[in-house]
Amino acid sequence: MPGLEDLYREIILDHYRSPRNRGELPPPANKAEGHNPLCGDEITVFVQVDGDVVSDVKVSGQGCSISQSSASMMSQAIKGKSLDEVRALVHRFKVMMSIEEDADDATQPAVKLGDLEALQGVVKFPVRIKCATLAWNTLVEALES
Ligand code: ZN
C-alpha cells in the first residue's frame, strides 16, 4: 500500500503536469508578478474580484514542481471563495509552512487545505518553502493591487 508521502508526491506531480486555471485574465482583473531568484521560479497571478468574491483566477509562469503545483492548488482552492475565506486560507497555508503563527482566531472562517496538504512535507526543506509560498505572496500582492 502506498504511504502518505507517495500520495502527496502523486498530488504534487498531478498539479505540476496538469496545472489548473492556467492562463491570463484581461484587465480589469488584478495582476501581480512574483519571482523566486533562489530557484528561478516565476509566477503571474490574475484575479478577478466581483464584490466580495474571487470569481476567477488564472496563473501563468514557470519553475520547479513545488512552485508550479502550489500555484495550481492555490488557484483551485481560492476560486469562488470570498475575500475573507481567501485571507483565512493564505493564513492556514502559511501556518502549515511555519512562517506564520497560528492566530487561533475563532472569528476566522473555517477553511480546508485539501490538496494543499500535500505540500506540508516541504516545510522540512527551508529552501523549498520559498518555492511553495511564491504563488501565495503573489496572490496577496494581486489582491492589493
Ligand atoms: Zn522552486
# chains A, B, ... in the order shown; residues from 1 in each chain; ligands from 1
>>> residues_near_ligand(ligand="ligand 1", cutoff="10 Å", atoms="only C-alpha atoms and all ligand atoms", output="MDAnalysis selection string")
chainID A and resid 35:42 62:68 127:134
>>> select_by_dssp(residues="range 12-99 of chain A", states="strand (DSSP E)", output="list in words")
Asn30, Lys31, Ala32, Glu33, Gly34, His35, Asn36, Asp41, Glu42, Ile43, Thr44, Val45, Phe46, Val47, Gln48, Val49, Asp50, Val53, Val54, Ser55, Asp56, Val57, Lys58, Val59, Ser60, Gly61 and Gln62 of chain A
>>> closest_residue(among="A:Pro109, A:Pro28, A:Gly3, A:Pro19", to="Ser69 in chain A", atoms="only C-alpha atoms")
A:Pro19
>>> atom_distance(atom1="CA of Asp102 in chain A", atom2="CA of Val140 in chain A")
18.2 Å
>>> closest_residue(among="A:Leu89, A:Ile43, A:Ile11, A:Leu4", to="Lys58 in chain A", atoms="only C-alpha atoms")
A:Ile43
>>> select_by_dssp(residues="chain A", states="alpha helix (DSSP H)", output="MDAnalysis selection string")
chainID A and resid 4:17 65:78 83:96 126:144
>>> residues_around(residues="Arg22 in chain A", least_positions_apart="5", cutoff="8 Å", atoms="only C-alpha atoms", output="PyMOL selection string")
chain A and resi 58-60+72
>>> atom_distance(atom1="CA of Lys112 in chain A", atom2="CA of Ser82 in chain A")
13.8 Å
>>> closest_residue(among="A:Tyr16, A:Arg87, A:Tyr8, A:Ile78", to="Glu144 in chain A", atoms="only C-alpha atoms")
A:Arg87
